[in-house]
>>> print(open('query-v7.cif').read())   # mmCIF, C-alpha atoms and all ligand atoms
data_target
loop_
_atom_site.label_atom_id
_atom_site.label_comp_id
_atom_site.auth_asym_id
_atom_site.auth_seq_id
_atom_site.Cartn_x
_atom_site.Cartn_y
_atom_site.Cartn_z
CA MET A 1 12.95 5.29 -18.09
CA ILE A 2 10.29 2.66 -17.62
CA LYS A 3 7.20 3.16 -19.80
CA HIS A 4 5.07 0.04 -19.31
CA VAL A 5 3.89 -0.52 -15.75
CA GLY A 6 1.68 -3.33 -14.48
CA ILE A 7 -0.16 -2.99 -11.20
CA ILE A 8 -1.73 -5.93 -9.41
CA GLY A 9 -4.64 -5.06 -7.12
CA SER A 10 -6.92 -2.10 -7.79
CA GLY A 11 -7.76 -1.33 -4.17
CA THR A 12 -6.68 1.72 -2.17
CA MET A 13 -2.97 1.46 -2.93
CA GLY A 14 -3.02 -0.05 -6.43
CA SER A 15 -5.38 2.67 -7.66
CA GLY A 16 -3.24 5.42 -6.11
CA ILE A 17 0.00 4.03 -7.54
CA ALA A 18 -1.66 3.70 -10.97
CA GLN A 19 -2.61 7.38 -10.82
CA VAL A 20 0.96 8.39 -9.92
CA ALA A 21 2.47 6.38 -12.79
CA ALA A 22 -0.17 7.48 -15.33
CA THR A 23 0.33 11.14 -14.37
CA VAL A 24 4.04 11.01 -15.24
CA GLY A 25 3.25 9.40 -18.60
CA CYS A 26 3.61 5.68 -17.97
CA LEU A 27 1.24 3.30 -19.73
CA VAL A 28 -0.37 1.44 -16.87
CA LYS A 29 -2.26 -1.83 -16.85
CA LEU A 30 -4.23 -2.20 -13.64
CA TYR A 31 -5.27 -5.76 -12.83
CA ASP A 32 -7.62 -7.15 -10.21
CA THR A 33 -9.35 -10.51 -9.77
CA ASN A 34 -12.45 -8.63 -8.70
CA THR A 35 -14.09 -6.76 -11.59
CA GLU A 36 -16.15 -4.68 -9.14
CA ALA A 37 -12.88 -3.40 -7.65
CA LEU A 38 -11.75 -2.41 -11.16
CA ASP A 39 -15.00 -0.51 -11.81
CA LYS A 40 -14.72 1.18 -8.41
CA SER A 41 -11.13 2.20 -9.11
CA LYS A 42 -12.06 3.68 -12.50
CA ALA A 43 -14.98 5.61 -11.00
CA ALA A 44 -12.80 6.89 -8.15
CA LEU A 45 -10.15 8.15 -10.58
CA GLU A 46 -12.82 9.95 -12.63
CA LYS A 47 -13.96 11.73 -9.46
CA ILE A 48 -10.40 12.66 -8.41
CA MET A 49 -9.58 13.97 -11.89
CA ALA A 50 -12.81 15.97 -12.08
CA ARG A 51 -11.98 17.57 -8.72
CA LEU A 52 -8.47 18.46 -9.95
CA VAL A 53 -10.00 20.11 -13.04
CA GLU A 54 -12.47 22.00 -10.83
CA LYS A 55 -9.61 23.29 -8.70
CA GLY A 56 -7.70 24.34 -11.82
CA ARG A 57 -4.78 22.01 -11.10
CA ILE A 58 -5.15 20.23 -14.46
CA ASP A 59 -7.16 20.91 -17.62
CA GLU A 60 -9.53 18.59 -19.53
CA THR A 61 -6.77 17.52 -21.96
CA GLU A 62 -4.52 16.51 -19.06
CA LYS A 63 -7.42 14.69 -17.39
CA THR A 64 -8.09 12.67 -20.53
CA ARG A 65 -4.37 11.95 -21.00
CA ILE A 66 -3.98 10.59 -17.47
CA GLN A 67 -7.16 8.52 -17.63
CA ASP A 68 -6.27 7.12 -21.05
CA ASN A 69 -2.90 6.02 -19.72
CA ILE A 70 -4.63 3.42 -17.52
CA THR A 71 -6.10 0.21 -18.93
CA TYR A 72 -8.17 -1.90 -16.56
CA VAL A 73 -7.59 -5.63 -17.08
CA ASP A 74 -8.98 -8.79 -15.52
CA SER A 75 -6.25 -11.23 -16.53
CA LEU A 76 -2.74 -11.34 -15.08
CA LYS A 77 -1.47 -12.37 -18.51
CA ASP A 78 -2.34 -8.88 -19.76
CA LEU A 79 0.63 -7.54 -17.78
CA SER A 80 3.07 -9.50 -19.97
CA ASP A 81 4.58 -6.37 -21.61
CA SER A 82 5.32 -4.65 -18.28
CA GLU A 83 8.86 -3.49 -17.54
CA LEU A 84 7.90 -2.95 -13.93
CA THR A 85 5.08 -4.60 -12.01
CA ILE A 86 3.97 -3.46 -8.58
CA GLU A 87 1.78 -5.76 -6.54
CA ALA A 88 -0.71 -4.24 -4.07
CA ILE A 89 -3.00 -7.12 -3.13
CA VAL A 90 -4.03 -8.58 0.21
CA GLU A 91 -1.24 -8.66 2.85
CA ASN A 92 -0.80 -12.44 2.79
CA LEU A 93 2.56 -14.03 2.03
CA ASP A 94 1.23 -17.23 0.43
CA VAL A 95 -1.19 -15.35 -1.83
CA LYS A 96 1.52 -12.88 -2.90
CA LYS A 97 3.98 -15.72 -3.62
CA LYS A 98 1.44 -17.53 -5.78
CA VAL A 99 0.68 -14.40 -7.79
CA PHE A 100 4.41 -13.67 -8.25
CA GLN A 101 5.05 -17.20 -9.54
CA GLU A 102 2.26 -16.93 -12.08
CA LEU A 103 3.30 -13.41 -13.09
CA GLU A 104 6.90 -14.51 -13.71
CA SER A 105 5.69 -17.02 -16.29
CA TYR A 106 4.16 -14.20 -18.38
CA VAL A 107 6.68 -11.33 -18.17
CA SER A 108 10.10 -10.86 -19.77
CA LYS A 109 13.34 -11.84 -18.02
CA LYS A 110 14.10 -8.16 -17.45
CA THR A 111 10.83 -7.19 -15.76
CA ILE A 112 11.23 -5.85 -12.24
CA ILE A 113 8.71 -7.51 -9.94
CA ALA A 114 7.93 -5.36 -6.91
CA SER A 115 5.69 -5.61 -3.88
CA ASN A 116 4.02 -2.76 -2.02
CA THR A 117 3.85 -4.89 1.14
CA SER A 118 3.84 -2.94 4.40
CA SER A 119 5.44 -5.58 6.55
CA LEU A 120 6.20 -8.88 4.84
CA SER A 121 9.73 -10.06 4.12
CA ILE A 122 10.83 -9.15 0.59
CA ALA A 123 13.38 -12.00 0.74
CA SER A 124 10.55 -14.43 1.36
CA ILE A 125 8.36 -13.03 -1.44
CA ALA A 126 11.41 -13.06 -3.79
CA SER A 127 12.09 -16.72 -2.98
CA ALA A 128 8.93 -17.64 -4.92
CA LEU A 129 10.57 -16.45 -8.16
CA LYS A 130 12.93 -18.30 -10.48
CA LYS A 131 14.90 -15.03 -10.77
CA PRO A 132 14.70 -13.55 -7.25
CA LYS A 133 17.27 -10.84 -8.04
CA ARG A 134 14.54 -8.98 -10.00
CA CYS A 135 12.36 -8.67 -6.89
CA ILE A 136 12.22 -5.55 -4.69
CA GLY A 137 9.92 -3.77 -2.24
CA ILE A 138 8.43 -0.44 -3.34
CA HIS A 139 6.40 0.83 -0.42
CA PHE A 140 4.12 3.76 -1.18
CA PHE A 141 2.12 5.49 1.54
CA ASN A 142 -1.57 6.26 1.52
CA PRO A 143 -2.75 8.29 -0.40
CA ALA A 144 -0.04 7.44 -2.93
CA PRO A 145 -0.58 10.52 -5.17
CA LEU A 146 -0.10 12.87 -2.21
CA MET A 147 2.55 11.20 -0.06
CA LYS A 148 6.06 12.14 -1.15
CA LEU A 149 7.95 9.37 0.61
CA VAL A 150 8.44 5.92 -0.91
CA GLU A 151 10.49 3.27 0.87
CA VAL A 152 12.51 1.10 -1.52
CA ILE A 153 13.52 -2.20 0.01
CA PRO A 154 16.06 -4.47 -1.64
CA ALA A 155 15.95 -8.10 -0.47
CA ILE A 156 19.24 -9.89 0.08
CA GLN A 157 18.66 -11.50 -3.33
CA THR A 158 17.98 -8.18 -5.18
CA SER A 159 20.65 -7.10 -7.70
CA ASP A 160 22.25 -3.67 -7.45
CA LYS A 161 21.05 -2.95 -10.99
CA VAL A 162 17.42 -3.55 -10.01
CA LEU A 163 17.84 -1.34 -6.92
CA ARG A 164 19.39 1.48 -9.00
CA LYS A 165 16.80 1.26 -11.77
CA THR A 166 13.91 1.17 -9.31
CA THR A 167 15.20 4.10 -7.27
CA MET A 168 15.81 6.22 -10.38
CA ASN A 169 12.34 5.55 -11.77
CA ILE A 170 10.48 6.18 -8.53
CA GLN A 171 12.40 9.47 -8.10
CA ASN A 172 11.39 10.31 -11.65
CA TRP A 173 7.77 9.83 -10.58
CA GLY A 174 8.31 12.83 -8.28
CA LYS A 175 8.83 10.81 -5.12
CA THR A 176 11.48 10.96 -2.42
CA VAL A 177 13.06 7.55 -1.91
CA ALA A 178 14.31 6.17 1.38
CA VAL A 179 16.17 2.90 0.88
CA ALA A 180 15.47 0.67 3.88
CA LYS A 181 16.71 -2.74 4.95
CA ASP A 182 14.39 -5.70 4.57
CA THR A 183 13.22 -5.79 8.19
CA PRO A 184 9.65 -6.01 9.60
CA GLY A 185 7.74 -2.77 9.00
CA PHE A 186 10.82 -1.18 7.37
CA ILE A 187 11.10 2.39 8.77
CA VAL A 188 7.73 4.13 8.95
CA ASN A 189 5.48 1.19 9.76
CA ARG A 190 7.80 0.12 12.56
CA VAL A 191 7.73 3.57 14.12
CA ALA A 192 3.95 3.68 13.63
CA ARG A 193 3.16 0.44 15.51
CA PRO A 194 3.49 1.90 19.03
CA PHE A 195 1.54 4.99 17.88
CA TYR A 196 -1.52 2.86 17.07
CA GLY A 197 -0.90 0.21 19.73
CA GLU A 198 -0.57 2.58 22.66
CA SER A 199 -3.64 4.56 21.52
CA LEU A 200 -5.70 1.36 21.40
CA ARG A 201 -4.44 0.40 24.89
CA ILE A 202 -5.39 3.84 26.26
CA TYR A 203 -8.91 3.24 24.91
CA GLU A 204 -9.02 -0.36 26.22
CA GLU A 205 -7.96 0.77 29.71
CA GLY A 206 -10.88 3.23 29.72
CA ILE A 207 -8.64 6.28 29.95
CA ALA A 208 -10.29 8.13 27.02
CA ASP A 209 -12.54 7.51 24.03
CA PHE A 210 -11.44 7.52 20.36
CA ALA A 211 -12.38 11.15 19.72
CA THR A 212 -10.60 12.42 22.84
CA ILE A 213 -7.42 10.54 22.00
CA ASP A 214 -7.50 11.82 18.40
CA TRP A 215 -8.25 15.37 19.54
CA SER A 216 -5.40 15.30 22.10
CA LEU A 217 -2.82 14.12 19.60
CA LYS A 218 -3.93 16.63 16.97
CA SER A 219 -4.27 19.67 19.16
CA ILE A 220 -1.40 19.01 21.57
CA GLY A 221 0.84 16.64 19.64
CA GLY A 222 0.55 18.49 16.31
CA PHE A 223 -0.40 15.36 14.34
CA ARG A 224 -2.48 15.99 11.19
CA MET A 225 -4.66 12.98 11.91
CA GLY A 226 -5.34 11.17 15.16
CA PRO A 227 -4.51 7.44 15.43
CA PHE A 228 -8.15 6.31 15.14
CA GLU A 229 -8.84 8.56 12.16
CA LEU A 230 -5.69 7.22 10.57
CA MET A 231 -6.57 3.56 11.24
CA ASP A 232 -10.01 4.17 9.69
CA PHE A 233 -8.31 5.80 6.72
CA ILE A 234 -5.81 2.96 6.21
CA GLY A 235 -8.36 0.20 6.87
CA ASN A 236 -8.56 -1.75 10.14
CA ASP A 237 -8.04 -5.08 8.36
CA VAL A 238 -4.85 -3.89 6.66
CA ASN A 239 -3.59 -2.13 9.79
CA TYR A 240 -4.28 -5.10 12.07
CA THR A 241 -2.57 -7.55 9.71
CA VAL A 242 0.52 -5.34 9.53
CA THR A 243 0.73 -5.20 13.36
CA GLU A 244 0.30 -8.97 13.62
CA THR A 245 3.03 -9.55 11.03
CA VAL A 246 5.47 -7.14 12.69
CA PHE A 247 4.73 -8.68 16.14
CA LYS A 248 5.43 -12.21 14.90
CA ALA A 249 8.45 -11.14 12.86
CA PHE A 250 10.03 -9.55 15.94
CA TYR A 251 9.66 -12.84 17.81
CA TYR A 252 6.62 -11.66 19.79
CA ASP A 253 8.27 -8.56 21.20
CA PRO A 254 5.50 -7.06 23.46
CA ARG A 255 6.27 -3.57 22.06
CA TYR A 256 4.33 -4.57 18.93
CA LYS A 257 1.49 -6.58 20.52
CA PRO A 258 -1.74 -6.33 18.46
CA SER A 259 -5.03 -5.19 20.00
CA PHE A 260 -8.20 -7.26 20.52
CA THR A 261 -10.31 -4.15 19.92
CA GLN A 262 -8.84 -3.73 16.46
CA LYS A 263 -9.13 -7.48 15.76
CA ARG A 264 -12.85 -7.46 16.64
CA PHE A 265 -13.47 -4.30 14.58
CA SER A 266 -11.78 -5.97 11.66
CA GLU A 267 -13.72 -9.23 12.09
CA ALA A 268 -17.01 -7.32 12.34
CA GLY A 269 -16.29 -5.60 9.03
CA TYR A 270 -15.79 -2.22 10.73
CA LEU A 271 -12.88 -1.54 8.42
CA GLY A 272 -13.05 2.25 8.46
CA ARG A 273 -13.79 4.63 5.63
CA LYS A 274 -13.83 1.95 2.94
CA SER A 275 -16.69 0.02 4.65
CA GLY A 276 -18.54 3.10 5.91
CA LYS A 277 -17.90 2.33 9.57
CA GLY A 278 -14.83 1.99 11.75
CA TYR A 279 -14.05 3.85 14.95
CA TYR A 280 -16.24 6.55 13.42
CA ASP A 281 -19.36 6.40 11.27
CA TYR A 282 -19.01 7.45 7.61
CA SER A 283 -22.46 6.51 6.33
P1 LIG A 301 -7.24 -3.17 -0.56
O1 LIG A 301 -7.98 -4.18 0.24
O2 LIG A 301 -7.77 -1.79 -0.67
O3 LIG A 301 -7.05 -3.71 -2.07
C1 LIG A 301 -6.55 -4.98 -2.39
C2 LIG A 301 -7.05 -5.35 -3.79
O4 LIG A 301 -6.37 -6.55 -4.19
C3 LIG A 301 -8.56 -5.65 -3.83
O5 LIG A 301 -9.16 -4.88 -4.85
C4 LIG A 301 -8.63 -7.15 -4.16
O6 LIG A 301 -9.72 -7.49 -4.99
C5 LIG A 301 -7.30 -7.36 -4.88
N1 LIG A 301 -6.81 -8.73 -4.82
C6 LIG A 301 -6.81 -9.59 -3.78
N2 LIG A 301 -6.22 -10.75 -4.12
C7 LIG A 301 -5.83 -10.61 -5.42
C8 LIG A 301 -5.16 -11.45 -6.34
N3 LIG A 301 -4.77 -12.67 -6.00
N4 LIG A 301 -4.89 -10.96 -7.58
C9 LIG A 301 -5.29 -9.71 -7.94
N5 LIG A 301 -5.94 -8.88 -7.11
C10 LIG A 301 -6.20 -9.32 -5.86
O7 LIG A 301 -5.75 -3.19 0.02
P2 LIG A 301 -4.69 -1.97 0.07
O8 LIG A 301 -4.97 -1.14 1.27
O9 LIG A 301 -4.62 -1.34 -1.27
O10 LIG A 301 -3.34 -2.78 0.37
C11 LIG A 301 -2.67 -3.52 -0.63
C12 LIG A 301 -1.23 -3.76 -0.22
O11 LIG A 301 -0.58 -2.51 0.01
C13 LIG A 301 -1.05 -4.58 1.06
O12 LIG A 301 0.10 -5.38 0.91
C14 LIG A 301 -0.83 -3.51 2.12
O13 LIG A 301 -0.11 -3.98 3.23
C15 LIG A 301 -0.04 -2.48 1.33
N6 LIG A 301 -0.14 -1.08 1.83
C16 LIG A 301 -1.34 -0.57 2.27
C17 LIG A 301 -1.40 0.75 2.71
C18 LIG A 301 -2.70 1.36 3.19
O14 LIG A 301 -2.66 2.43 3.82
N7 LIG A 301 -3.85 0.76 2.93
C19 LIG A 301 -0.24 1.55 2.69
C20 LIG A 301 0.94 1.01 2.19
C21 LIG A 301 0.99 -0.31 1.77
#
>>> encode(input="query-v7.cif", output="structure tokens")
Amino acid sequence: MIKHVGIIGSGTMGSGIAQVAATVGCLVKLYDTNTEALDKSKAALEKIMARLVEKGRIDETEKTRIQDNITYVDSLKDLSDSELTIEAIVENLDVKKKVFQELESYVSKKTIIASNTSSLSIASIASALKKPKRCIGIHFFNPAPLMKLVEVIPAIQTSDKVLRKTTMNIQNWGKTVAVAKDTPGFIVNRVARPFYGESLRIYEEGIADFATIDWSLKSIGGFRMGPFELMDFIGNDVNYTVTETVFKAFYYDPRYKPSFTQKRFSEAGYLGRKSGKGYYDYS
């Protein structure tokens, strides 16, 4: 079983994945270029752990053990002893490729280099590496500690050994793995595009406001969260970029057409919960 895990990006997903790995006993190094993001991640974990103690789910010893399993680092080189690295940075192919190239120069030949991308081609990310067969997609859902499902996506370059080892380890982290082909949006994010897209179109056509659409889907459709609540939770910037990527990757199939409303919200910094304002106000 893998013990040393490196995580790149201490935002929403990187922090959640770090918590999952640290909880099962992995020694995690969490790296970000932005030291404020590292501080925020550490503070958020402290809060989550304190709440779990309060609820009696873990005790103080367990809290300390989990927190001590995570080291916050501000240099990519610090991940050199990782057996598995999971990248969760901005959803931009060129940026991810650059980080992967640099990372490969620090880690051992055996290190598995994974991306948590929601929509980008794993084959394309893998092509940046000298040893692309070590590259794989490991797609956690938000919030990573609570969501059981993890999509594991082998690229056409990925070796069977890397797929087997990755699947085994992620299952060992208490997750249910669905192996998906390297196609835009994989399984869940492809199904989810029309859910968000059609909701945004209903709003744009003046049929109903955000709250009415959310309320209808929750009370009639049985969804736990409405589409606008969910977009605010995920982050409008992240959600918009995923839609744009899937739309382009499917050769501009109108089924996946992005929304101007969401683009403007994203450009205005109305990102959702993380910025304090999205379709709803969180301040
Ligand atoms: P986020 O904006 O919350 O966090 C990204 C972090 O990466 C930031 O802290 C930023 O400082 C850091 N970063 C940016 N460039 C970097 C670099 N070059 N090196 C190191 N750190 C860098 O984003 P997120 O929501 O956590 O998403 C991260 C990835 O996970 C994306 O690929 C996204 O598509 C995917 N994803 C997101 C969700 C979600 O619900 N938010 C779900 C599944 C997958």
>>> residues_around(input="query-v7.cif", residues="stretch 1-13 of chain A", least_positions_apart="2", cutoff="8 Å", atoms="all atoms listed in the file", output="PyMOL selection string")
chain A and resi 15-18+21+25-33+37-38+41+76+79+81-89+140-144+169
>>> axis_aligned_box(input="query-v7.cif", around="ligand LIG 301 (chain A)", padding_each_side="4 Å", output="AutoDock Vina command-line options")
--center_x -4.4 --center_y -5.1 --center_z -2.1 --size_x 18.7 --size_y 23.1 --size_z 19.8
>>> atom_distance(input="query-v7.cif", atom1="atom CA of A:Asp209", atom2="atom CA of A:Met147")
28.7 Å
>>> atom_distance(input="query-v7.cif", atom1="atom CA of A:Thr166", atom2="atom N2 of ligand LIG 301 (chain A)")
24.0 Å
>>> closest_residue(input="query-v7.cif", among="A:Gly206, A:Gly197, A:Gly221, A:Pro184", to="A:Tyr251", atoms="all atoms listed in the file")
A:Pro184
>>> residues_around(input="query-v7.cif", residues="A:Thr23", least_positions_apart="5", cutoff="10 Å", atoms="only C-alpha atoms", output="list of chain:residue names")
A:Ile17, A:Ala18, A:Glu62, A:Lys63, A:Arg65, A:Ile66, A:Gln67, A:Asn69, A:Ile70, A:Pro145, A:Trp173
>>> residues_around(input="query-v7.cif", residues="A:Val177", least_positions_apart="6", cutoff="12 Å", atoms="all atoms listed in the file", output="JSON, numbers by chain")
{"A": [137, 138, 139, 140, 141, 147, 148, 149, 150, 151, 152, 153, 163, 164, 166, 167, 168, 169, 170, 171]}
>>> residues_around(input="query-v7.cif", residues="stretch 275-283 of chain A", least_positions_apart="3", cutoff="8 Å", atoms="only C-alpha atoms", output="PyMOL selection string")
chain A and resi 210+228-229+232+236+265+269-272
>>> atom_distance(input="query-v7.cif", atom1="atom CA of A:Ser118", atom2="atom O8 of ligand LIG 301 (chain A)")
9.5 Å
>>> closest_residue(input="query-v7.cif", among="A:Ala114, A:Leu200, A:Ala249, A:Cys135", to="ligand LIG 301 (chain A)", atoms="all atoms listed in the file")
A:Ala114
>>> build_atoms(input="query-v7.cif", residues="stretch 77-107 of chain A", atoms="N, CA and C atoms", output="PDB file, keeping the file's coordinate frame")
ATOM      1  N   LYS A  77      -2.231 -12.207 -17.259  1.00  0.00           N
ATOM      2  CA  LYS A  77      -1.470 -12.370 -18.510  1.00  0.00           C
ATOM      3  C   LYS A  77      -1.343 -11.043 -19.263  1.00  0.00           C
ATOM      4  N   ASP A  78      -2.349 -10.169 -19.071  1.00  0.00           N
ATOM      5  CA  ASP A  78      -2.340  -8.880 -19.760  1.00  0.00           C
ATOM      6  C   ASP A  78      -1.172  -7.987 -19.336  1.00  0.00           C
ATOM      7  N   LEU A  79      -0.506  -8.357 -18.233  1.00  0.00           N
ATOM      8  CA  LEU A  79       0.630  -7.540 -17.780  1.00  0.00           C
ATOM      9  C   LEU A  79       1.945  -7.992 -18.417  1.00  0.00           C
ATOM     10  N   SER A  80       1.856  -8.878 -19.417  1.00  0.00           N
ATOM     11  CA  SER A  80       3.070  -9.500 -19.970  1.00  0.00           C
ATOM     12  C   SER A  80       4.072  -8.503 -20.563  1.00  0.00           C
ATOM     13  N   ASP A  81       3.621  -7.322 -21.026  1.00  0.00           N
ATOM     14  CA  ASP A  81       4.580  -6.370 -21.610  1.00  0.00           C
ATOM     15  C   ASP A  81       5.134  -5.373 -20.577  1.00  0.00           C
ATOM     16  N   SER A  82       4.867  -5.605 -19.312  1.00  0.00           N
ATOM     17  CA  SER A  82       5.320  -4.650 -18.280  1.00  0.00           C
ATOM     18  C   SER A  82       6.835  -4.724 -18.079  1.00  0.00           C
ATOM     19  N   GLU A  83       7.428  -3.525 -17.906  1.00  0.00           N
ATOM     20  CA  GLU A  83       8.860  -3.490 -17.540  1.00  0.00           C
ATOM     21  C   GLU A  83       8.992  -3.470 -16.024  1.00  0.00           C
ATOM     22  N   LEU A  84       7.951  -2.980 -15.392  1.00  0.00           N
ATOM     23  CA  LEU A  84       7.900  -2.950 -13.930  1.00  0.00           C
ATOM     24  C   LEU A  84       6.501  -3.348 -13.509  1.00  0.00           C
ATOM     25  N   THR A  85       6.406  -4.284 -12.569  1.00  0.00           N
ATOM     26  CA  THR A  85       5.080  -4.600 -12.010  1.00  0.00           C
ATOM     27  C   THR A  85       5.131  -4.310 -10.522  1.00  0.00           C
ATOM     28  N   ILE A  86       4.050  -3.724 -10.020  1.00  0.00           N
ATOM     29  CA  ILE A  86       3.970  -3.460  -8.580  1.00  0.00           C
ATOM     30  C   ILE A  86       2.714  -4.154  -8.060  1.00  0.00           C
ATOM     31  N   GLU A  87       2.904  -5.015  -7.107  1.00  0.00           N
ATOM     32  CA  GLU A  87       1.780  -5.760  -6.540  1.00  0.00           C
ATOM     33  C   GLU A  87       1.262  -5.042  -5.301  1.00  0.00           C
ATOM     34  N   ALA A  88      -0.064  -4.865  -5.252  1.00  0.00           N
ATOM     35  CA  ALA A  88      -0.710  -4.240  -4.070  1.00  0.00           C
ATOM     36  C   ALA A  88      -1.994  -5.000  -3.769  1.00  0.00           C
ATOM     37  N   ILE A  89      -1.829  -6.295  -3.467  1.00  0.00           N
ATOM     38  CA  ILE A  89      -3.000  -7.120  -3.130  1.00  0.00           C
ATOM     39  C   ILE A  89      -3.010  -7.366  -1.619  1.00  0.00           C
ATOM     40  N   VAL A  90      -3.867  -8.276  -1.205  1.00  0.00           N
ATOM     41  CA  VAL A  90      -4.030  -8.580   0.210  1.00  0.00           C
ATOM     42  C   VAL A  90      -2.671  -8.926   0.867  1.00  0.00           C
ATOM     43  N   GLU A  91      -2.515  -8.482   2.126  1.00  0.00           N
ATOM     44  CA  GLU A  91      -1.240  -8.660   2.850  1.00  0.00           C
ATOM     45  C   GLU A  91      -1.115 -10.093   3.365  1.00  0.00           C
ATOM     46  N   ASN A  92      -0.897 -11.032   2.435  1.00  0.00           N
ATOM     47  CA  ASN A  92      -0.800 -12.440   2.790  1.00  0.00           C
ATOM     48  C   ASN A  92       0.340 -13.051   1.979  1.00  0.00           C
ATOM     49  N   LEU A  93       1.333 -13.560   2.687  1.00  0.00           N
ATOM     50  CA  LEU A  93       2.560 -14.030   2.030  1.00  0.00           C
ATOM     51  C   LEU A  93       2.286 -15.124   0.997  1.00  0.00           C
ATOM     52  N   ASP A  94       1.467 -16.116   1.357  1.00  0.00           N
ATOM     53  CA  ASP A  94       1.230 -17.230   0.430  1.00  0.00           C
ATOM     54  C   ASP A  94       0.520 -16.762  -0.837  1.00  0.00           C
ATOM     55  N   VAL A  95      -0.458 -15.861  -0.654  1.00  0.00           N
ATOM     56  CA  VAL A  95      -1.190 -15.350  -1.830  1.00  0.00           C
ATOM     57  C   VAL A  95      -0.232 -14.554  -2.722  1.00  0.00           C
ATOM     58  N   LYS A  96       0.593 -13.699  -2.109  1.00  0.00           N
ATOM     59  CA  LYS A  96       1.520 -12.880  -2.900  1.00  0.00           C
ATOM     60  C   LYS A  96       2.490 -13.792  -3.659  1.00  0.00           C
ATOM     61  N   LYS A  97       3.023 -14.819  -2.977  1.00  0.00           N
ATOM     62  CA  LYS A  97       3.980 -15.720  -3.620  1.00  0.00           C
ATOM     63  C   LYS A  97       3.367 -16.412  -4.843  1.00  0.00           C
ATOM     64  N   LYS A  98       2.118 -16.836  -4.686  1.00  0.00           N
ATOM     65  CA  LYS A  98       1.440 -17.530  -5.780  1.00  0.00           C
ATOM     66  C   LYS A  98       1.271 -16.607  -6.993  1.00  0.00           C
ATOM     67  N   VAL A  99       0.868 -15.378  -6.706  1.00  0.00           N
ATOM     68  CA  VAL A  99       0.680 -14.400  -7.790  1.00  0.00           C
ATOM     69  C   VAL A  99       2.017 -14.101  -8.479  1.00  0.00           C
ATOM     70  N   PHE A 100       3.078 -13.968  -7.684  1.00  0.00           N
ATOM     71  CA  PHE A 100       4.410 -13.670  -8.250  1.00  0.00           C
ATOM     72  C   PHE A 100       4.883 -14.803  -9.160  1.00  0.00           C
ATOM     73  N   GLN A 101       4.636 -16.040  -8.723  1.00  0.00           N
ATOM     74  CA  GLN A 101       5.050 -17.200  -9.540  1.00  0.00           C
ATOM     75  C   GLN A 101       4.334 -17.199 -10.876  1.00  0.00           C
ATOM     76  N   GLU A 102       3.038 -16.946 -10.833  1.00  0.00           N
ATOM     77  CA  GLU A 102       2.260 -16.930 -12.080  1.00  0.00           C
ATOM     78  C   GLU A 102       2.721 -15.771 -12.966  1.00  0.00           C
ATOM     79  N   LEU A 103       2.891 -14.602 -12.341  1.00  0.00           N
ATOM     80  CA  LEU A 103       3.300 -13.410 -13.090  1.00  0.00           C
ATOM     81  C   LEU A 103       4.625 -13.649 -13.821  1.00  0.00           C
ATOM     82  N   GLU A 104       5.572 -14.299 -13.122  1.00  0.00           N
ATOM     83  CA  GLU A 104       6.900 -14.510 -13.710  1.00  0.00           C
ATOM     84  C   GLU A 104       6.833 -15.347 -14.995  1.00  0.00           C
ATOM     85  N   SER A 105       5.809 -16.182 -15.084  1.00  0.00           N
ATOM     86  CA  SER A 105       5.690 -17.020 -16.290  1.00  0.00           C
ATOM     87  C   SER A 105       5.201 -16.213 -17.491  1.00  0.00           C
ATOM     88  N   TYR A 106       4.674 -15.013 -17.271  1.00  0.00           N
ATOM     89  CA  TYR A 106       4.160 -14.200 -18.380  1.00  0.00           C
ATOM     90  C   TYR A 106       5.107 -13.085 -18.812  1.00  0.00           C
ATOM     91  N   VAL A 107       5.896 -12.546 -17.862  1.00  0.00           N
ATOM     92  CA  VAL A 107       6.680 -11.330 -18.170  1.00  0.00           C
ATOM     93  C   VAL A 107       8.070 -11.678 -18.697  1.00  0.00           C
TER      94      VAL A 107
END
